[in-house]
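Visitor: Input: one structure, supplied below.
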Amino acid sequence: MTLRQEAYAMIDSLPNDDSVRFFIDMIRQFNAVTKKTGQTSALQVSLSEKRQAFLHMEELKKKYPFPKDYDYEQARRETMEEKYGSVD
């Protein structure tokens with residue numbers, strides 16, 4: 001599976017439209033930061049820009065919250081099984 005195919009699969013596996021919107025907002029934010037700095041690596045972004053990105057992510061978290069009944073542990077188990085198969 002190519003990296004692009006893996007990205008498409010991840011997007012397809014998102015549970016709802018709000019999750020897709022959150023993902024798109026994160027990509028847009030990343031693109032804006034890399035264009036602004038002229039860098040291709042997020043590791044080269046200054047600390048103040050990292051803080052701004054973190055605060056933006058916090059805003060997005062409030063805007064697109066996970067459902068109250070979202071089971072993080074179940075999602076982790078399913079992802080691990082999908083990636084590595086059954087470990088029985």
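Every chain in the structure tokens takes a letter, A first, then B, and so on in the order presented; its residues are numbered from 1, and the ligands are numbered from 1 following the presented order.
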As a list in words, please: the residues near region 4-9 of chain A (cut-off 12 Å, only C-alpha atoms, same-chain neighbours under 2 positions excluded).
Guide: Met1, Thr2, Ile11, Asp12, Ser13, Leu14, Val20, Phe23, Ile27, Thr79, Glu82 and Lys83 of chain A
Visitor: For the structure I just gave you, how does DSSP split region 4-85 of chain A - specifically, which residues are helix (DSSP H, G or I)? Reply as a CSV table (one decimal) with all heavy atoms, in the first residue's frame.
Guide:
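Wrote it out as result_1.csv, contents follow:
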chain,number,residue,atom,x,y,z
A,4,ARG,N,0.0,7.3,-0.1
A,4,ARG,CA,-1.3,8.0,-0.5
A,4,ARG,C,-2.5,7.1,-0.2
A,4,ARG,O,-3.5,7.5,0.3
A,4,ARG,CB,-1.2,8.4,-1.9
A,4,ARG,CG,-2.3,9.3,-2.4
A,4,ARG,CD,-2.1,9.8,-3.8
A,4,ARG,NE,-0.9,10.6,-3.9
A,4,ARG,CZ,-0.9,12.0,-3.8
A,4,ARG,NH1,-2.0,12.6,-3.7
A,4,ARG,NH2,0.2,12.7,-3.9
A,5,GLN,N,-2.3,5.8,-0.6
A,5,GLN,CA,-3.4,4.9,-0.4
A,5,GLN,C,-3.7,4.7,1.1
A,5,GLN,O,-4.9,4.6,1.5
A,5,GLN,CB,-3.1,3.5,-1.0
A,5,GLN,CG,-3.1,3.5,-2.5
A,5,GLN,CD,-2.5,2.2,-3.1
A,5,GLN,OE1,-1.6,1.6,-2.5
A,5,GLN,NE2,-3.0,1.8,-4.2
A,6,GLU,N,-2.7,4.7,1.9
A,6,GLU,CA,-2.9,4.6,3.4
A,6,GLU,C,-3.6,5.8,3.9
A,6,GLU,O,-4.5,5.7,4.7
A,6,GLU,CB,-1.5,4.5,4.1
A,6,GLU,CG,-1.6,4.2,5.5
A,6,GLU,CD,-0.3,4.0,6.2
A,6,GLU,OE1,0.7,3.9,5.5
A,6,GLU,OE2,-0.2,3.9,7.4
A,7,ALA,N,-3.3,7.0,3.4
A,7,ALA,CA,-4.0,8.2,3.8
A,7,ALA,C,-5.4,8.2,3.4
A,7,ALA,O,-6.3,8.5,4.2
A,7,ALA,CB,-3.3,9.5,3.2
A,8,TYR,N,-5.7,7.7,2.2
A,8,TYR,CA,-7.1,7.6,1.8
A,8,TYR,C,-7.9,6.6,2.7
A,8,TYR,O,-9.0,6.9,3.0
A,8,TYR,CB,-7.2,7.2,0.3
A,8,TYR,CG,-6.8,8.2,-0.7
A,8,TYR,CD1,-6.1,7.9,-1.8
A,8,TYR,CD2,-7.2,9.6,-0.5
A,8,TYR,CE1,-5.7,8.9,-2.7
A,8,TYR,CE2,-6.8,10.5,-1.5
A,8,TYR,CZ,-6.1,10.2,-2.6
A,8,TYR,OH,-5.7,11.1,-3.5
A,9,ALA,N,-7.2,5.5,3.0
A,9,ALA,CA,-7.9,4.5,3.9
A,9,ALA,C,-8.2,5.1,5.2
A,9,ALA,O,-9.2,4.8,5.8
A,9,ALA,CB,-7.0,3.3,4.0
A,10,MET,N,-7.2,5.9,5.7
A,10,MET,CA,-7.5,6.5,7.1
A,10,MET,C,-8.7,7.5,7.0
A,10,MET,O,-9.5,7.5,7.9
A,10,MET,CB,-6.2,7.3,7.5
A,10,MET,CG,-5.1,6.4,8.0
A,10,MET,SD,-3.7,7.5,8.4
A,10,MET,CE,-2.7,6.3,9.2
A,11,ILE,N,-8.7,8.3,5.9
A,11,ILE,CA,-9.9,9.2,5.8
A,11,ILE,C,-11.2,8.4,5.7
A,11,ILE,O,-12.2,8.8,6.3
A,11,ILE,CB,-9.7,10.1,4.6
A,11,ILE,CG1,-8.5,11.1,4.8
A,11,ILE,CG2,-10.9,10.9,4.3
A,11,ILE,CD1,-8.0,11.8,3.6
A,12,ASP,N,-11.2,7.3,4.9
A,12,ASP,CA,-12.4,6.5,4.8
A,12,ASP,C,-12.8,5.9,6.1
A,12,ASP,O,-14.0,5.6,6.3
A,12,ASP,CB,-12.1,5.4,3.7
A,12,ASP,CG,-12.1,6.0,2.3
A,12,ASP,OD1,-12.6,7.1,2.1
A,12,ASP,OD2,-11.6,5.3,1.4
A,17,ASP,N,-18.7,12.9,9.5
A,17,ASP,CA,-18.3,14.1,8.7
A,17,ASP,C,-17.5,15.1,9.6
A,17,ASP,O,-16.6,15.8,9.1
A,17,ASP,CB,-19.5,14.8,8.1
A,17,ASP,CG,-20.0,14.0,6.9
A,17,ASP,OD1,-19.3,13.1,6.4
A,17,ASP,OD2,-21.1,14.3,6.5
A,18,ASP,N,-17.8,15.2,10.9
A,18,ASP,CA,-17.1,16.1,11.8
A,18,ASP,C,-15.7,15.7,11.9
A,18,ASP,O,-14.8,16.5,11.9
A,18,ASP,CB,-17.8,16.1,13.2
A,18,ASP,CG,-19.1,16.9,13.2
A,18,ASP,OD1,-19.3,17.7,12.3
A,18,ASP,OD2,-19.9,16.7,14.1
A,19,SER,N,-15.4,14.4,11.9
A,19,SER,CA,-14.0,13.9,12.0
A,19,SER,C,-13.3,14.3,10.7
A,19,SER,O,-12.1,14.7,10.7
A,19,SER,CB,-14.0,12.4,12.2
A,19,SER,OG,-14.6,12.1,13.4
A,20,VAL,N,-13.9,14.2,9.6
A,20,VAL,CA,-13.3,14.5,8.3
A,20,VAL,C,-13.0,16.0,8.2
A,20,VAL,O,-12.0,16.4,7.8
A,20,VAL,CB,-14.2,14.1,7.1
A,20,VAL,CG1,-13.7,14.6,5.8
A,20,VAL,CG2,-14.4,12.5,7.1
A,21,ARG,N,-14.0,16.8,8.7
A,21,ARG,CA,-13.8,18.3,8.7
A,21,ARG,C,-12.6,18.6,9.6
A,21,ARG,O,-11.8,19.5,9.3
A,21,ARG,CB,-15.0,19.0,9.2
A,21,ARG,CG,-16.1,19.1,8.2
A,21,ARG,CD,-17.3,20.0,8.7
A,21,ARG,NE,-18.4,19.8,7.9
A,21,ARG,CZ,-19.4,19.0,8.2
A,21,ARG,NH1,-19.4,18.3,9.4
A,21,ARG,NH2,-20.4,18.8,7.4
A,22,PHE,N,-12.5,18.0,10.8
A,22,PHE,CA,-11.4,18.2,11.7
A,22,PHE,C,-10.0,17.9,11.0
A,22,PHE,O,-9.1,18.6,11.0
A,22,PHE,CB,-11.5,17.4,12.9
A,22,PHE,CG,-10.4,17.5,13.9
A,22,PHE,CD1,-10.2,18.6,14.7
A,22,PHE,CD2,-9.4,16.4,14.0
A,22,PHE,CE1,-9.2,18.7,15.6
A,22,PHE,CE2,-8.4,16.5,14.8
A,22,PHE,CZ,-8.2,17.7,15.6
A,23,PHE,N,-10.0,16.7,10.3
A,23,PHE,CA,-8.8,16.3,9.6
A,23,PHE,C,-8.4,17.3,8.5
A,23,PHE,O,-7.3,17.7,8.4
A,23,PHE,CB,-9.1,14.9,8.9
A,23,PHE,CG,-7.9,14.4,8.2
A,23,PHE,CD1,-6.8,13.8,8.9
A,23,PHE,CD2,-7.9,14.4,6.8
A,23,PHE,CE1,-5.7,13.3,8.2
A,23,PHE,CE2,-6.8,13.9,6.1
A,23,PHE,CZ,-5.7,13.4,6.8
A,24,ILE,N,-9.4,17.8,7.7
A,24,ILE,CA,-9.2,18.8,6.7
A,24,ILE,C,-8.7,20.1,7.3
A,24,ILE,O,-7.7,20.7,6.8
A,24,ILE,CB,-10.5,19.0,5.9
A,24,ILE,CG1,-10.8,17.8,5.0
A,24,ILE,CG2,-10.3,20.3,5.0
A,24,ILE,CD1,-12.1,17.8,4.3
A,25,ASP,N,-9.2,20.5,8.4
A,25,ASP,CA,-8.8,21.7,9.1
A,25,ASP,C,-7.3,21.6,9.5
A,25,ASP,O,-6.5,22.5,9.4
A,25,ASP,CB,-9.6,22.1,10.3
A,25,ASP,CG,-11.0,22.7,9.9
A,25,ASP,OD1,-11.1,23.2,8.7
A,25,ASP,OD2,-11.9,22.7,10.7
A,26,MET,N,-6.9,20.4,10.0
A,26,MET,CA,-5.6,20.2,10.4
A,26,MET,C,-4.6,20.3,9.2
A,26,MET,O,-3.5,20.8,9.3
A,26,MET,CB,-5.4,18.8,11.1
A,26,MET,CG,-6.0,18.8,12.5
A,26,MET,SD,-5.8,17.3,13.4
A,26,MET,CE,-4.0,17.0,13.4
A,27,ILE,N,-5.0,19.7,8.1
A,27,ILE,CA,-4.2,19.7,6.9
A,27,ILE,C,-4.0,21.2,6.4
A,27,ILE,O,-2.9,21.6,6.1
A,27,ILE,CB,-4.8,18.8,5.8
A,27,ILE,CG1,-4.8,17.4,6.2
A,27,ILE,CG2,-4.0,19.0,4.5
A,27,ILE,CD1,-3.4,16.8,6.4
A,28,ARG,N,-5.1,21.9,6.4
A,28,ARG,CA,-5.1,23.3,6.0
A,28,ARG,C,-4.1,24.1,6.9
A,28,ARG,O,-3.3,24.9,6.5
A,28,ARG,CB,-6.4,23.9,6.0
A,28,ARG,CG,-7.3,23.5,4.9
A,28,ARG,CD,-8.6,24.1,4.9
A,28,ARG,NE,-9.4,23.7,3.7
A,28,ARG,CZ,-10.7,23.6,3.7
A,28,ARG,NH1,-11.4,23.8,4.8
A,28,ARG,NH2,-11.3,23.1,2.6
A,29,GLN,N,-4.2,23.9,8.2
A,29,GLN,CA,-3.3,24.6,9.2
A,29,GLN,C,-1.9,24.2,8.9
A,29,GLN,O,-1.0,25.1,8.9
A,29,GLN,CB,-3.7,24.2,10.6
A,29,GLN,CG,-2.9,24.8,11.7
A,29,GLN,CD,-3.0,26.3,11.8
A,29,GLN,OE1,-4.0,26.9,11.4
A,29,GLN,NE2,-2.0,27.0,12.2
A,30,PHE,N,-1.6,22.9,8.7
A,30,PHE,CA,-0.2,22.5,8.4
A,30,PHE,C,0.3,23.2,7.1
A,30,PHE,O,1.4,23.6,7.1
A,30,PHE,CB,-0.2,21.0,8.3
A,30,PHE,CG,1.2,20.4,7.9
A,30,PHE,CD1,2.1,20.3,8.9
A,30,PHE,CD2,1.5,20.1,6.6
A,30,PHE,CE1,3.4,19.9,8.5
A,30,PHE,CE2,2.7,19.6,6.3
A,30,PHE,CZ,3.7,19.5,7.2
A,31,ASN,N,-0.6,23.2,6.1
A,31,ASN,CA,-0.1,23.8,4.8
A,31,ASN,C,0.1,25.3,5.0
A,31,ASN,O,1.1,25.8,4.4
A,31,ASN,CB,-1.2,23.6,3.7
A,31,ASN,CG,-1.2,22.2,3.2
A,31,ASN,OD1,-0.2,21.5,3.4
A,31,ASN,ND2,-2.3,21.8,2.6
A,32,ALA,N,-0.7,26.0,5.8
A,32,ALA,CA,-0.5,27.4,6.0
A,32,ALA,C,0.8,27.6,6.8
A,32,ALA,O,1.6,28.6,6.4
A,32,ALA,CB,-1.7,28.0,6.8
A,33,VAL,N,1.2,26.8,7.7
A,33,VAL,CA,2.4,27.0,8.5
A,33,VAL,C,3.6,26.7,7.6
A,33,VAL,O,4.6,27.5,7.6
A,33,VAL,CB,2.4,26.0,9.7
A,33,VAL,CG1,3.8,26.0,10.4
A,33,VAL,CG2,1.4,26.5,10.7
A,34,THR,N,3.6,25.6,6.8
A,34,THR,CA,4.7,25.3,6.0
A,34,THR,C,4.9,26.4,4.8
A,34,THR,O,6.0,26.7,4.5
A,34,THR,CB,4.6,23.9,5.3
A,34,THR,OG1,3.4,23.8,4.6
A,34,THR,CG2,4.7,22.8,6.4
A,35,LYS,N,3.8,26.9,4.3
A,35,LYS,CA,3.9,28.0,3.3
A,35,LYS,C,4.5,29.2,3.9
A,35,LYS,O,5.3,29.9,3.3
A,35,LYS,CB,2.6,28.3,2.7
A,35,LYS,CG,2.1,27.2,1.7
A,35,LYS,CD,0.8,27.6,1.1
A,35,LYS,CE,0.3,26.4,0.3
A,35,LYS,NZ,-1.1,26.7,-0.2
A,36,LYS,N,4.1,29.5,5.1
A,36,LYS,CA,4.5,30.8,5.8
A,36,LYS,C,6.0,30.7,6.1
A,36,LYS,O,6.7,31.7,6.0
A,36,LYS,CB,3.7,30.9,7.1
A,36,LYS,CG,4.1,32.2,7.9
A,36,LYS,CD,3.2,32.2,9.2
A,36,LYS,CE,3.6,33.4,10.0
A,36,LYS,NZ,2.8,33.5,11.3
A,37,THR,N,6.5,29.5,6.6
A,37,THR,CA,7.9,29.4,6.9
A,37,THR,C,8.8,29.0,5.8
A,37,THR,O,10.0,29.1,5.9
A,37,THR,CB,8.0,28.3,8.0
A,37,THR,OG1,7.6,27.1,7.5
A,37,THR,CG2,7.2,28.7,9.3
A,42,ALA,N,7.6,20.1,9.7
A,42,ALA,CA,7.0,20.7,10.8
A,42,ALA,C,8.0,20.9,12.0
A,42,ALA,O,7.7,21.7,12.9
A,42,ALA,CB,5.8,19.9,11.3
A,43,LEU,N,9.0,20.1,12.0
A,43,LEU,CA,10.0,20.2,13.1
A,43,LEU,C,10.8,21.5,13.0
A,43,LEU,O,11.4,21.9,14.0
A,43,LEU,CB,11.0,19.0,13.0
A,43,LEU,CG,10.4,17.6,13.2
A,43,LEU,CD1,11.4,16.6,12.9
A,43,LEU,CD2,9.8,17.5,14.5
A,44,GLN,N,10.8,22.2,11.9
A,44,GLN,CA,11.5,23.4,11.8
A,44,GLN,C,10.7,24.6,12.0
A,44,GLN,O,11.2,25.8,11.8
A,44,GLN,CB,12.1,23.5,10.4
A,44,GLN,CG,13.1,22.3,10.1
A,44,GLN,CD,13.6,22.2,8.7
A,44,GLN,OE1,12.9,22.8,7.8
A,44,GLN,NE2,14.6,21.5,8.4
A,47,LEU,N,8.9,27.9,18.0
A,47,LEU,CA,8.1,27.6,19.1
A,47,LEU,C,6.8,28.4,19.2
A,47,LEU,O,5.8,27.8,19.5
A,47,LEU,CB,8.9,27.8,20.4
A,47,LEU,CG,10.0,26.8,20.7
A,47,LEU,CD1,10.8,27.2,22.0
A,47,LEU,CD2,9.5,25.4,20.8
A,48,SER,N,6.9,29.6,18.8
A,48,SER,CA,5.6,30.4,18.9
A,48,SER,C,4.6,29.9,17.8
A,48,SER,O,3.4,29.9,18.1
A,48,SER,CB,5.9,31.9,18.6
A,48,SER,OG,6.4,32.1,17.3
A,49,GLU,N,5.1,29.5,16.7
A,49,GLU,CA,4.2,28.9,15.7
A,49,GLU,C,3.7,27.6,16.2
A,49,GLU,O,2.5,27.2,15.9
A,49,GLU,CB,4.9,28.8,14.3
A,49,GLU,CG,5.1,30.1,13.7
A,49,GLU,CD,6.0,30.1,12.5
A,49,GLU,OE1,6.8,29.1,12.4
A,49,GLU,OE2,5.9,30.9,11.6
A,50,LYS,N,4.5,26.8,16.9
A,50,LYS,CA,4.0,25.5,17.4
A,50,LYS,C,2.9,25.8,18.5
A,50,LYS,O,1.9,25.1,18.5
A,50,LYS,CB,5.2,24.8,18.1
A,50,LYS,CG,6.1,24.2,17.1
A,50,LYS,CD,7.2,23.4,17.8
A,50,LYS,CE,8.2,22.8,16.8
A,50,LYS,NZ,9.3,22.1,17.5
A,51,ARG,N,3.1,26.8,19.3
A,51,ARG,CA,2.1,27.1,20.3
A,51,ARG,C,0.8,27.6,19.6
A,51,ARG,O,-0.3,27.2,20.0
A,51,ARG,CB,2.6,28.2,21.2
A,51,ARG,CG,1.6,28.7,22.2
A,51,ARG,CD,2.3,29.4,23.4
A,51,ARG,NE,1.3,29.9,24.3
A,51,ARG,CZ,0.6,29.2,25.2
A,51,ARG,NH1,0.8,27.9,25.2
A,51,ARG,NH2,-0.2,29.7,26.0
A,52,GLN,N,0.9,28.4,18.5
A,52,GLN,CA,-0.3,28.8,17.8
A,52,GLN,C,-1.0,27.6,17.2
A,52,GLN,O,-2.2,27.5,17.2
A,52,GLN,CB,0.1,29.8,16.7
A,52,GLN,CG,0.5,31.1,17.2
A,52,GLN,CD,1.0,32.0,16.1
A,52,GLN,OE1,1.1,31.6,14.9
A,52,GLN,NE2,1.2,33.3,16.4
A,53,ALA,N,-0.2,26.7,16.7
A,53,ALA,CA,-0.8,25.5,16.1
A,53,ALA,C,-1.5,24.6,17.2
A,53,ALA,O,-2.6,24.1,17.0
A,53,ALA,CB,0.2,24.6,15.4
A,54,PHE,N,-0.9,24.5,18.4
A,54,PHE,CA,-1.5,23.8,19.5
A,54,PHE,C,-2.8,24.5,19.9
A,54,PHE,O,-3.8,23.8,20.1
A,54,PHE,CB,-0.5,23.7,20.6
A,54,PHE,CG,-1.1,23.1,21.9
A,54,PHE,CD1,-1.2,21.7,22.0
A,54,PHE,CD2,-1.6,23.9,22.9
A,54,PHE,CE1,-1.8,21.1,23.1
A,54,PHE,CE2,-2.1,23.3,24.0
A,54,PHE,CZ,-2.3,21.9,24.1
A,55,LEU,N,-2.8,25.8,20.0
A,55,LEU,CA,-4.0,26.5,20.4
A,55,LEU,C,-5.1,26.3,19.4
A,55,LEU,O,-6.3,26.2,19.7
A,55,LEU,CB,-3.7,28.0,20.6
A,55,LEU,CG,-2.8,28.3,21.8
A,55,LEU,CD1,-2.4,29.7,21.9
A,55,LEU,CD2,-3.4,27.8,23.1
A,56,HIS,N,-4.7,26.3,18.1
A,56,HIS,CA,-5.7,26.1,17.0
A,56,HIS,C,-6.3,24.7,17.1
A,56,HIS,O,-7.5,24.5,17.0
A,56,HIS,CB,-5.0,26.3,15.7
A,56,HIS,CG,-5.9,26.0,14.5
A,56,HIS,ND1,-7.0,26.9,14.2
A,56,HIS,CD2,-6.0,25.1,13.6
A,56,HIS,CE1,-7.6,26.5,13.2
A,56,HIS,NE2,-7.1,25.3,12.8
A,57,MET,N,-5.4,23.7,17.4
A,57,MET,CA,-5.9,22.3,17.6
A,57,MET,C,-6.9,22.2,18.8
A,57,MET,O,-7.9,21.5,18.7
A,57,MET,CB,-4.8,21.3,17.8
A,57,MET,CG,-4.0,21.1,16.5
A,57,MET,SD,-2.6,20.0,16.7
A,57,MET,CE,-3.0,18.8,17.9
A,58,GLU,N,-6.6,23.0,19.9
A,58,GLU,CA,-7.5,23.0,21.0
A,58,GLU,C,-8.9,23.6,20.6
A,58,GLU,O,-9.9,23.1,21.1
A,58,GLU,CB,-6.9,23.8,22.2
A,58,GLU,CG,-5.7,23.1,22.8
A,58,GLU,CD,-6.2,21.8,23.5
A,58,GLU,OE1,-7.1,21.9,24.3
A,58,GLU,OE2,-5.5,20.8,23.3
A,59,GLU,N,-8.8,24.7,19.8
A,59,GLU,CA,-10.1,25.2,19.3
A,59,GLU,C,-10.9,24.2,18.5
A,59,GLU,O,-12.1,24.1,18.6
A,59,GLU,CB,-9.8,26.5,18.5
A,59,GLU,CG,-9.3,27.7,19.2
A,59,GLU,CD,-8.8,28.8,18.3
A,59,GLU,OE1,-9.2,28.8,17.2
A,59,GLU,OE2,-8.1,29.7,18.8
A,60,LEU,N,-10.2,23.5,17.6
A,60,LEU,CA,-10.8,22.5,16.8
A,60,LEU,C,-11.4,21.4,17.6
A,60,LEU,O,-12.5,20.9,17.3
A,60,LEU,CB,-9.8,21.9,15.8
A,60,LEU,CG,-9.4,22.9,14.7
A,60,LEU,CD1,-8.3,22.2,13.8
A,60,LEU,CD2,-10.6,23.3,13.8
A,61,LYS,N,-10.7,21.1,18.7
A,61,LYS,CA,-11.2,20.0,19.6
A,61,LYS,C,-12.5,20.4,20.2
A,61,LYS,O,-13.4,19.6,20.4
A,61,LYS,CB,-10.2,19.7,20.7
A,61,LYS,CG,-10.4,18.5,21.5
A,61,LYS,CD,-9.2,18.1,22.3
A,61,LYS,CE,-9.2,18.8,23.6
A,61,LYS,NZ,-8.1,18.3,24.5
A,62,LYS,N,-12.7,21.7,20.6
A,62,LYS,CA,-13.9,22.2,21.1
A,62,LYS,C,-15.0,22.3,20.0
A,62,LYS,O,-16.2,22.0,20.3
A,62,LYS,CB,-13.7,23.6,21.7
A,62,LYS,CG,-12.9,23.6,23.0
A,62,LYS,CD,-12.6,25.0,23.5
A,62,LYS,CE,-11.7,25.0,24.6
A,62,LYS,NZ,-11.3,26.3,25.0
A,63,LYS,N,-14.6,22.6,18.8
A,63,LYS,CA,-15.5,22.8,17.7
A,63,LYS,C,-16.1,21.5,17.2
A,63,LYS,O,-17.2,21.3,16.8
A,63,LYS,CB,-14.8,23.5,16.6
A,63,LYS,CG,-15.7,24.0,15.4
A,63,LYS,CD,-14.9,24.8,14.4
A,63,LYS,CE,-15.7,25.2,13.3
A,63,LYS,NZ,-14.9,26.0,12.3
A,72,TYR,N,-12.4,5.0,23.2
A,72,TYR,CA,-11.0,5.1,22.7
A,72,TYR,C,-10.3,3.8,22.7
A,72,TYR,O,-9.6,3.4,21.8
A,72,TYR,CB,-10.2,6.1,23.6
A,72,TYR,CG,-10.7,7.5,23.5
A,72,TYR,CD1,-11.6,8.0,24.4
A,72,TYR,CD2,-10.2,8.3,22.5
A,72,TYR,CE1,-12.0,9.3,24.4
A,72,TYR,CE2,-10.6,9.7,22.5
A,72,TYR,CZ,-11.6,10.1,23.4
A,72,TYR,OH,-12.0,11.4,23.3
A,73,GLU,N,-10.6,3.0,23.7
A,73,GLU,CA,-9.9,1.7,23.8
A,73,GLU,C,-10.4,0.8,22.7
A,73,GLU,O,-9.6,0.0,22.1
A,73,GLU,CB,-10.2,1.1,25.2
A,73,GLU,CG,-9.4,-0.2,25.5
A,73,GLU,CD,-7.9,-0.1,25.4
A,73,GLU,OE1,-7.4,1.0,25.7
A,73,GLU,OE2,-7.3,-1.0,25.1
A,74,GLN,N,-11.6,0.8,22.4
A,74,GLN,CA,-12.2,-0.1,21.3
A,74,GLN,C,-11.6,0.4,20.0
A,74,GLN,O,-11.2,-0.5,19.2
A,74,GLN,CB,-13.7,0.0,21.3
A,74,GLN,CG,-14.3,-0.8,20.2
A,74,GLN,CD,-14.1,-2.3,20.3
A,74,GLN,OE1,-13.9,-2.8,21.4
A,74,GLN,NE2,-14.0,-3.0,19.2
A,75,ALA,N,-11.5,1.6,19.8
A,75,ALA,CA,-10.9,2.2,18.5
A,75,ALA,C,-9.4,1.8,18.4
A,75,ALA,O,-8.9,1.4,17.3
A,75,ALA,CB,-11.0,3.7,18.5
A,76,ARG,N,-8.7,1.8,19.5
A,76,ARG,CA,-7.3,1.4,19.5
A,76,ARG,C,-7.2,-0.1,19.2
A,76,ARG,O,-6.3,-0.5,18.4
A,76,ARG,CB,-6.7,1.7,20.9
A,76,ARG,CG,-5.2,1.4,20.9
A,76,ARG,CD,-4.6,1.4,22.3
A,76,ARG,NE,-5.1,0.3,23.1
A,76,ARG,CZ,-4.7,-1.0,23.1
A,76,ARG,NH1,-3.8,-1.3,22.2
A,76,ARG,NH2,-5.2,-1.9,23.9
A,77,ARG,N,-8.0,-0.9,19.9
A,77,ARG,CA,-8.0,-2.4,19.6
A,77,ARG,C,-8.2,-2.7,18.1
A,77,ARG,O,-7.5,-3.5,17.5
A,77,ARG,CB,-9.0,-3.1,20.5
A,77,ARG,CG,-8.5,-3.3,21.9
A,77,ARG,CD,-9.4,-4.3,22.6
A,77,ARG,NE,-10.8,-3.9,22.7
A,77,ARG,CZ,-11.3,-3.1,23.6
A,77,ARG,NH1,-10.6,-2.7,24.6
A,77,ARG,NH2,-12.6,-2.8,23.6
A,78,GLU,N,-9.3,-2.0,17.6
A,78,GLU,CA,-9.6,-2.3,16.2
A,78,GLU,C,-8.5,-1.9,15.2
A,78,GLU,O,-8.2,-2.6,14.3
A,78,GLU,CB,-10.9,-1.5,15.8
A,78,GLU,CG,-12.1,-2.1,16.5
A,78,GLU,CD,-13.4,-1.3,16.3
A,78,GLU,OE1,-13.3,-0.2,15.6
A,78,GLU,OE2,-14.4,-1.6,16.8
A,79,THR,N,-7.9,-0.7,15.5
A,79,THR,CA,-6.8,-0.3,14.7
A,79,THR,C,-5.6,-1.2,14.8
A,79,THR,O,-4.9,-1.5,13.8
A,79,THR,CB,-6.4,1.2,15.1
A,79,THR,OG1,-7.5,2.0,15.0
A,79,THR,CG2,-5.2,1.7,14.2
A,80,MET,N,-5.3,-1.6,16.0
A,80,MET,CA,-4.1,-2.6,16.2
A,80,MET,C,-4.4,-3.9,15.5
A,80,MET,O,-3.5,-4.4,14.8
A,80,MET,CB,-3.9,-2.8,17.7
A,80,MET,CG,-3.4,-1.6,18.5
A,80,MET,SD,-1.8,-1.1,18.0
A,80,MET,CE,-0.8,-2.3,18.9
A,81,GLU,N,-5.6,-4.4,15.6
A,81,GLU,CA,-5.9,-5.6,14.9
A,81,GLU,C,-5.9,-5.5,13.4
A,81,GLU,O,-5.4,-6.3,12.7
A,81,GLU,CB,-7.3,-6.2,15.3
A,81,GLU,CG,-7.6,-7.5,14.8
A,81,GLU,CD,-8.8,-8.2,15.4
A,81,GLU,OE1,-9.1,-8.0,16.6
A,81,GLU,OE2,-9.5,-8.9,14.6
A,82,GLU,N,-6.4,-4.3,12.9
A,82,GLU,CA,-6.3,-4.0,11.4
A,82,GLU,C,-4.9,-4.0,10.9
A,82,GLU,O,-4.6,-4.5,9.9
A,82,GLU,CB,-7.1,-2.7,11.2
A,82,GLU,CG,-7.1,-2.4,9.7
A,82,GLU,CD,-7.8,-1.1,9.5
A,82,GLU,OE1,-8.8,-0.8,10.1
A,82,GLU,OE2,-7.3,-0.3,8.7
A,83,LYS,N,-4.1,-3.3,11.7
A,83,LYS,CA,-2.7,-3.2,11.3
A,83,LYS,C,-1.8,-4.4,11.5
A,83,LYS,O,-1.1,-4.8,10.6
A,83,LYS,CB,-2.0,-2.0,12.1
A,83,LYS,CG,-0.6,-1.7,11.6
A,83,LYS,CD,-0.1,-0.4,12.2
A,83,LYS,CE,1.3,-0.1,11.6
A,83,LYS,NZ,1.7,1.2,12.0
A,84,TYR,N,-2.0,-5.1,12.6
A,84,TYR,CA,-1.1,-6.2,12.9
A,84,TYR,C,-1.8,-7.6,12.9
A,84,TYR,O,-1.1,-8.6,13.0
A,84,TYR,CB,-0.5,-6.0,14.3
A,84,TYR,CG,0.3,-4.8,14.4
A,84,TYR,CD1,-0.1,-3.7,15.2
A,84,TYR,CD2,1.5,-4.7,13.7
A,84,TYR,CE1,0.7,-2.6,15.3
A,84,TYR,CE2,2.3,-3.5,13.8
A,84,TYR,CZ,1.9,-2.5,14.6
A,84,TYR,OH,2.6,-1.3,14.7
